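Input: a single structure, listed below in structure tokens.
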There are 2 protein chains.
Amino acid sequence: MPTAPAIKLRVFSLNCWGIRYFSQHCSERYEMIGQLLKEEEHDLVLLQEVWSENDYLFLKKTLAHSHPYTHYFKSGVIGSGLAVFSKHKILDTFLYRYSINGYPYMAHHGDWFGGKAVGMVILDICDLTIHAYVTHLHAEYCREKDAYLPHRVVQAWELLHFVRHTSSGADLVILGGDLNMHPRDLGTRLLLAYTGLRDSYAEAEKFEGCEEGITLIAENPFINKKELEPFENGIRIDYILFKDLSRVSVKCESLSTTTGSVPGKPFPYSDHEALSAVLLLRSEEGGVARPQRCSAEPDPGLVDMVNEARTEVKVGLHSAERMRGTVARMGMMGLALLLVELVIALVPWLAHSTEHAFPRASFYLLGALSFATLLLTALLYILYSTQVKTLQGAEDQMRLAVTGLQERLQKHSQTQPVEQGRVQGEPTSTPANSP
Amino acid sequence: MPTAPAIKLRVFSLNCWGIRYFSQHCSERYEMIGQLLKEEEHDLVLLQEVWSENDYLFLKKTLAHSHPYTHYFKSGVIGSGLAVFSKHKILDTFLYRYSINGYPYMAHHGDWFGGKAVGMVILDICDLTIHAYVTHLHAEYCREKDAYLPHRVVQAWELLHFVRHTSSGADLVILGGDLNMHPRDLGTRLLLAYTGLRDSYAEAEKFEGCEEGITLIAENPFINKKELEPFENGIRIDYILFKDLSRVSVKCESLSTTTGSVPGKPFPYSDHEALSAVLLLRSEEGGVARPQRCSAEPDPGLVDMVNEARTEVKVGLHSAERMRGTVARMGMMGLALLLVELVIALVPWLAHSTEHAFPRASFYLLGALSFATLLLTALLYILYSTQVKTLQGAEDQMRLAVTGLQERLQKHSQTQPVEQGRVQGEPTSTPANSP
């Protein structure tokens, strides 16, 4: 098949750690980031944690000539923090907000207020349609006892489905961002296996930067080394992933990371390291762009992975249901207290007495307490009910996926009766989507 | 081009009005609906307002033989109310929750609690990939003073983008549901113009049912005739839409609606009328399935439509910003009151006196009041901030769309210098996506 000359595409991704009045040296760092991007002139810049719109506008102004096309994704209370800068025209954008994203009362973690999401921009580069995704998943605050694991698994699940369903018309798919997941974590494995996205760290012909491609490194002065334990050197949680569809072939020429310090500057760009990938695109003339959704042989390991994800989601579901039960009981207690109060208030009135049997101050305090309990438990009940629905929905979808995969594997093993091996899980005789 | 024999596809859509303990004759109506679907054996059944999972399970049991494949979309506090029953295998599902959907404090309207969304199911019928969507948009409670219009416009905008971006790999797209919009309403026009979906009522070769295809009719005993005014006979707000992509051609052989009563039964299936469409599919051998995203000539009327939508979104944005300002001021008052309380409490303590200068009961009551004000305004502030972000995001996206459309029209008019006409709006010299 004849091939056209290669197109070089330079992609950049960085979690900017841009919490105004909290992140250290925030405005100085944005100046450094702006300077870097202006000089480097990457084709596509995918930023996360640009929490303040003013900082986005500063970058937009700085990059007005080098990156005339830009989009800032708005979501949640504060914003999604996601921003894209491009040398090439942005034709279209679309945002998917993750349906589950922590708890509003964990205000010190702040993820809930950020409205975590995945943003898509569609670019046309040399007549190739490129779908670029930028995302930021819920943070992991404690690896040993990670209360947010089911949330992150559902987010990864929604992310992979969003990419799968919105990339059919693309020639090239690029995903960059802070996944808050290690390379061997369930969510990362699911994402790669399901979408066919390839990890630029694993694929790069040349790599320069931190050992093992880590992006949260112990040497970074903004990092609390204790939080990295037991990973002494650091962890890899930021990624640039890519995938070619049939009209184009792509390879990763090189990947580099920053290494915790910037020459001539007293501090690094962020608490995360930045990633820069060089992709080489070769458009294949005569290639047909139709995605091969169901014809490809399924990966037998996928069934295990989805089952593992289902287990995590079930853990989250039980926890949400338990919490909902607890707040329901608390709400009932609040209601009972309010009724007792009412009776106390009514007794002197019924007895035509002007004297209160109960100390007035305590009476009002108790009333306020029971009312506050009722209000708070009602709000929490709504929150947990929404989470229960979301987790149930994810679990339903995963069960459907497992059954579908098993059927495809069974069909495949009937045609190639050797190597059946790893398939496990539920029997396939029940309808695919019975609840 | 040679054509294969036609495939007949029968599609059904109904808003079931399934609010347990509120909707009249709910369980009897579900029995009637189940019986109808079992007998009629449509290929695809798209239901809305199946609010209770128990009612869904009842239908699932009733239709176990006629429609072995089914999916119930879970969302929000109560659920999305969306259910799909199919004679053909459901390969995949995906749910998109609308980012704006009324207000939680409008509990009597209930839309917020429903978590309105659009659900997609992917079916494989005779080797054709069919993407079917079911949705239910925010209700219109008062057409003259419709406070939810910006919300519904944003929902329609998100719906059309979801359909556009997720249907590239499909051979046939079907969308059924209660759009809560009249045929000439902005949202309906936008949806049809942007996605290329065709209205089965307008396209049907044979139509049988209510005059003008209305689906909310005055004769329906569950309908309050006053709410239909000034539309004496009724309104059309339920639709079955469809679109073929290049591997298949489709036409609507017939469309029918129920007419407010069911022979031999004392009441109709629902407060809405049901729609049944018969689609004739002809797969075109050798057809290429690649979507023609940007090559087609844009409709000049689209620019006007998107600008109209932007105006509506801006109205919503101003209203949300105004409300956020109001609750912020109320919050400040609550805080001030709390501070005054603190001072009152501190005065006797500072004066080493055991006597309260202020009546104790009023003191506690005022304290409780200021605390409740603070809490309530904080919650409302979060709500309105989220809505502001969402509406800003939609407006940004619409501006990008207008500029893109204008550029495409300009290019087109340069090649065909006649007929420029209707283009209006902003100048195109600014970058497409400047905020």
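Each chain in the structure tokens gets a letter, A, B and so on, in the order shown; residues start at 1 in every chain, and ligands are counted from 1 in the order they appear.
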Please identify all residues of chain B having at least one atom at most 7 Å from any atom of chain A, considering only C-alpha atoms, and return them as a PyMOL selection string. chain B and resi 68-71+73-77+79+91+93+165-166+168-169+289-291+360-361+364-365+368+382+385-386+389-390+393+397+404+431+433
Given the selection you just returned, output its residues as a file containing N, CA and C atoms, formatted as a compact mmCIF listing (two decimals), in the first residue's frame.
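Ended up saving to out_36.txt:
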# COMPACT_ATOMS: atom_id res chain seq x y z
N PRO B 68 -36.26 -10.65 24.81
CA PRO B 68 -35.32 -11.20 25.80
C PRO B 68 -34.19 -10.24 26.18
N TYR B 69 -33.96 -9.20 25.39
CA TYR B 69 -32.84 -8.29 25.68
C TYR B 69 -33.38 -6.96 26.17
N THR B 70 -32.81 -6.50 27.26
CA THR B 70 -33.36 -5.30 27.88
C THR B 70 -32.29 -4.56 28.66
N HIS B 71 -32.48 -3.27 28.80
CA HIS B 71 -31.58 -2.49 29.66
C HIS B 71 -32.35 -1.38 30.35
N PHE B 73 -31.71 2.09 32.47
CA PHE B 73 -30.66 3.07 32.72
C PHE B 73 -30.85 3.70 34.10
N LYS B 74 -29.81 3.59 34.93
CA LYS B 74 -29.90 4.12 36.29
C LYS B 74 -29.16 5.44 36.39
N SER B 75 -29.79 6.42 37.03
CA SER B 75 -29.20 7.76 37.11
C SER B 75 -29.95 8.55 38.17
N GLY B 76 -29.34 9.63 38.64
CA GLY B 76 -30.02 10.54 39.56
C GLY B 76 -30.37 9.89 40.88
N VAL B 77 -31.33 10.47 41.59
CA VAL B 77 -31.73 9.95 42.89
C VAL B 77 -32.72 8.82 42.70
N GLY B 79 -33.67 7.57 39.48
CA GLY B 79 -33.39 6.79 38.28
C GLY B 79 -33.71 7.67 37.09
N LEU B 91 -25.71 -5.16 22.33
CA LEU B 91 -24.26 -5.41 22.40
C LEU B 91 -23.58 -4.51 23.42
N THR B 93 -24.07 -0.59 25.90
CA THR B 93 -24.93 0.52 26.34
C THR B 93 -24.04 1.65 26.84
N HIS B 165 -21.58 12.52 18.18
CA HIS B 165 -20.25 11.97 18.46
C HIS B 165 -20.25 10.46 18.69
N THR B 166 -21.39 9.90 19.03
CA THR B 166 -21.40 8.46 19.33
C THR B 166 -21.99 7.64 18.18
N SER B 168 -20.95 7.70 14.86
CA SER B 168 -20.10 7.58 13.66
C SER B 168 -20.00 6.14 13.17
N GLY B 169 -19.99 5.20 14.10
CA GLY B 169 -19.81 3.81 13.70
C GLY B 169 -21.10 3.10 13.34
N ALA B 289 -19.00 3.29 5.05
CA ALA B 289 -19.68 3.78 6.24
C ALA B 289 -19.08 5.04 6.83
N ARG B 290 -18.08 5.59 6.19
CA ARG B 290 -17.42 6.76 6.79
C ARG B 290 -18.36 7.96 6.84
N PRO B 291 -18.52 8.57 8.03
CA PRO B 291 -19.39 9.72 8.13
C PRO B 291 -18.73 10.93 7.45
N ARG B 360 -32.67 34.57 76.58
CA ARG B 360 -31.97 33.35 76.19
C ARG B 360 -32.64 32.64 75.00
N ALA B 361 -33.97 32.52 75.04
CA ALA B 361 -34.69 31.78 73.99
C ALA B 361 -34.50 32.46 72.63
N TYR B 364 -31.00 31.82 71.29
CA TYR B 364 -30.79 30.52 70.65
C TYR B 364 -31.53 30.43 69.32
N LEU B 365 -32.75 30.98 69.29
CA LEU B 365 -33.53 30.94 68.06
C LEU B 365 -32.81 31.68 66.94
N ALA B 368 -29.86 29.68 65.76
CA ALA B 368 -30.26 28.59 64.88
C ALA B 368 -30.63 29.13 63.51
N ILE B 382 -23.46 26.53 45.92
CA ILE B 382 -22.85 25.42 45.17
C ILE B 382 -23.69 25.07 43.95
N SER B 385 -23.47 27.83 41.33
CA SER B 385 -22.13 27.87 40.74
C SER B 385 -21.99 26.78 39.69
N THR B 386 -22.50 25.59 40.01
CA THR B 386 -22.43 24.49 39.05
C THR B 386 -23.21 24.84 37.79
N LYS B 389 -21.32 27.36 35.67
CA LYS B 389 -20.24 26.70 34.93
C LYS B 389 -20.80 25.95 33.71
N THR B 390 -21.89 25.21 33.93
CA THR B 390 -22.47 24.42 32.85
C THR B 390 -22.96 25.32 31.73
N GLY B 393 -20.15 26.81 29.86
CA GLY B 393 -19.55 25.78 29.00
C GLY B 393 -20.37 25.60 27.73
N GLN B 397 -19.25 26.47 23.81
CA GLN B 397 -19.33 25.47 22.75
C GLN B 397 -20.18 25.98 21.58
N GLY B 404 -17.41 28.12 13.51
CA GLY B 404 -17.09 27.04 12.58
C GLY B 404 -18.06 27.02 11.41
N PRO B 431 -10.26 34.17 17.11
CA PRO B 431 -10.13 32.72 17.17
C PRO B 431 -11.45 32.07 17.59
N ASN B 433 -12.47 29.92 19.54
CA ASN B 433 -12.88 29.55 20.89
C ASN B 433 -12.34 30.49 21.95
Assign secondary structure with DSSP using the backbone only, and return the residues of range 246-312 of chain A in alpha helix (DSSP H) as a list in words.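 Answer for range 246-312 of chain A, restricted to alpha helix (DSSP H): Pro300, Gly301, Leu302, Val303, Asp304, Met305, Val306, Asn307, Glu308, Ala309, Arg310, Thr311 and Glu312 of chain A.
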Can you list every residue in range 133-355 of chain B that DSSP puts in strand (DSSP E), as an NGL selection string? :B and (133-136 or 172-178 or 198-199 or 206-208 or 216-217 or 234-235 or 238-244 or 248-257 or 275-283)
Quick one, how far is CA of Tyr141 in chain B from CA of Gly234 in chain B?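 Taking CA of Tyr141 in chain B as the start and CA of Gly234 in chain B as the end point, the length is 14.6 Å.
Taking CA of Phe85 in chain A as the reference point, CA of Ala156 in chain A is found at 23.9 Å.
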Gly260 in chain A environment, 9 Å, only C-alpha atoms, sequence neighbours closer than 2 positions dropped, as a PDB file with N, CA and C atoms, in the first residue's frame:
ATOM      1  N   CYS A 210      12.669  10.902  33.843  1.00  0.00           N
ATOM      2  CA  CYS A 210      12.747  10.197  35.118  1.00  0.00           C
ATOM      3  C   CYS A 210      12.735   8.686  34.906  1.00  0.00           C
ATOM      4  N   THR A 215       6.128  10.280  37.168  1.00  0.00           N
ATOM      5  CA  THR A 215       5.717  11.687  36.999  1.00  0.00           C
ATOM      6  C   THR A 215       5.442  12.362  38.341  1.00  0.00           C
ATOM      7  N   LEU A 216       5.446  11.575  39.403  1.00  0.00           N
ATOM      8  CA  LEU A 216       5.350  12.140  40.752  1.00  0.00           C
ATOM      9  C   LEU A 216       6.624  11.665  41.446  1.00  0.00           C
ATOM     10  N   ILE A 217       7.621  12.541  41.512  1.00  0.00           N
ATOM     11  CA  ILE A 217       8.940  12.072  41.955  1.00  0.00           C
ATOM     12  C   ILE A 217       9.300  12.622  43.337  1.00  0.00           C
ATOM     13  N   ALA A 218      10.094  11.818  44.048  1.00  0.00           N
ATOM     14  CA  ALA A 218      10.448  12.162  45.430  1.00  0.00           C
ATOM     15  C   ALA A 218      11.276  13.441  45.499  1.00  0.00           C
ATOM     16  N   GLU A 219      12.044  13.729  44.437  1.00  0.00           N
ATOM     17  CA  GLU A 219      12.918  14.911  44.475  1.00  0.00           C
ATOM     18  C   GLU A 219      12.151  16.216  44.292  1.00  0.00           C
ATOM     19  N   ASN A 220      10.919  16.149  43.825  1.00  0.00           N
ATOM     20  CA  ASN A 220      10.148  17.375  43.591  1.00  0.00           C
ATOM     21  C   ASN A 220       9.913  18.090  44.929  1.00  0.00           C
ATOM     22  N   PRO A 221      10.308  19.361  45.062  1.00  0.00           N
ATOM     23  CA  PRO A 221      10.208  20.035  46.363  1.00  0.00           C
ATOM     24  C   PRO A 221       8.776  20.249  46.844  1.00  0.00           C
ATOM     25  N   THR A 258       9.937  16.023  32.344  1.00  0.00           N
ATOM     26  CA  THR A 258      10.766  16.934  33.123  1.00  0.00           C
ATOM     27  C   THR A 258      11.292  16.147  34.319  1.00  0.00           C
ATOM     28  N   VAL A 262      13.974  22.927  37.034  1.00  0.00           N
ATOM     29  CA  VAL A 262      14.065  23.647  35.769  1.00  0.00           C
ATOM     30  C   VAL A 262      15.365  24.471  35.803  1.00  0.00           C
ATOM     31  N   PHE A 267      12.384  26.532  41.326  1.00  0.00           N
ATOM     32  CA  PHE A 267      11.429  25.432  41.578  1.00  0.00           C
ATOM     33  C   PHE A 267      10.914  24.882  40.254  1.00  0.00           C
ATOM     34  N   PRO A 268      10.305  23.663  40.295  1.00  0.00           N
ATOM     35  CA  PRO A 268       9.828  23.053  39.045  1.00  0.00           C
ATOM     36  C   PRO A 268       8.477  23.642  38.585  1.00  0.00           C
ATOM     37  N   TYR A 269       8.009  23.165  37.436  1.00  0.00           N
ATOM     38  CA  TYR A 269       6.761  23.677  36.853  1.00  0.00           C
ATOM     39  C   TYR A 269       5.535  23.362  37.711  1.00  0.00           C
ATOM     40  N   SER A 270       5.594  22.209  38.390  1.00  0.00           N
ATOM     41  CA  SER A 270       4.413  21.741  39.109  1.00  0.00           C
ATOM     42  C   SER A 270       4.842  20.658  40.094  1.00  0.00           C
ATOM     43  N   ASP A 271       3.880  20.112  40.835  1.00  0.00           N
ATOM     44  CA  ASP A 271       4.237  18.960  41.677  1.00  0.00           C
ATOM     45  C   ASP A 271       4.255  17.669  40.857  1.00  0.00           C
ATOM     46  N   HIS A 272       3.697  17.715  39.659  1.00  0.00           N
ATOM     47  CA  HIS A 272       3.806  16.599  38.716  1.00  0.00           C
ATOM     48  C   HIS A 272       4.886  16.935  37.689  1.00  0.00           C
ATOM     49  N   GLU A 273       5.421  15.908  37.041  1.00  0.00           N
ATOM     50  CA  GLU A 273       6.335  16.151  35.928  1.00  0.00           C
ATOM     51  C   GLU A 273       5.531  16.231  34.630  1.00  0.00           C
TER      52      GLU A 273
END
Hey, can you check how far CA of Asn180 in chain B sits from CA of Ile235 in chain B?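 Separation between CA of Asn180 in chain B and CA of Ile235 in chain B: 9.6 Å.
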Which residue gives the smallest distance to Thr377 in chain A among A:Gln406, A:Ser413, A:Thr326, A:Thr62, with only C-alpha atoms counted?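 Closest residue, counting only C-alpha atoms: A:Thr326.
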Considering only C-alpha atoms, can you say which of A:Leu82, A:Tyr148, A:Pro348, A:His65 comes closest to Glu53 in chain A? A:Leu82
From the list A:Cys252, A:Leu149, A:Leu159, A:Met181, which residue is nearest Thr195 in chain A when using only C-alpha atoms?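 Looking at the shortest contact to Thr195 in chain A, the residue is A:Leu159.
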As a PyMOL selection string, please: the residues near Ala204 in chain A (cut-off 8 Å, only C-alpha atoms, same-chain neighbours under 5 positions excluded). chain A and resi 251-255
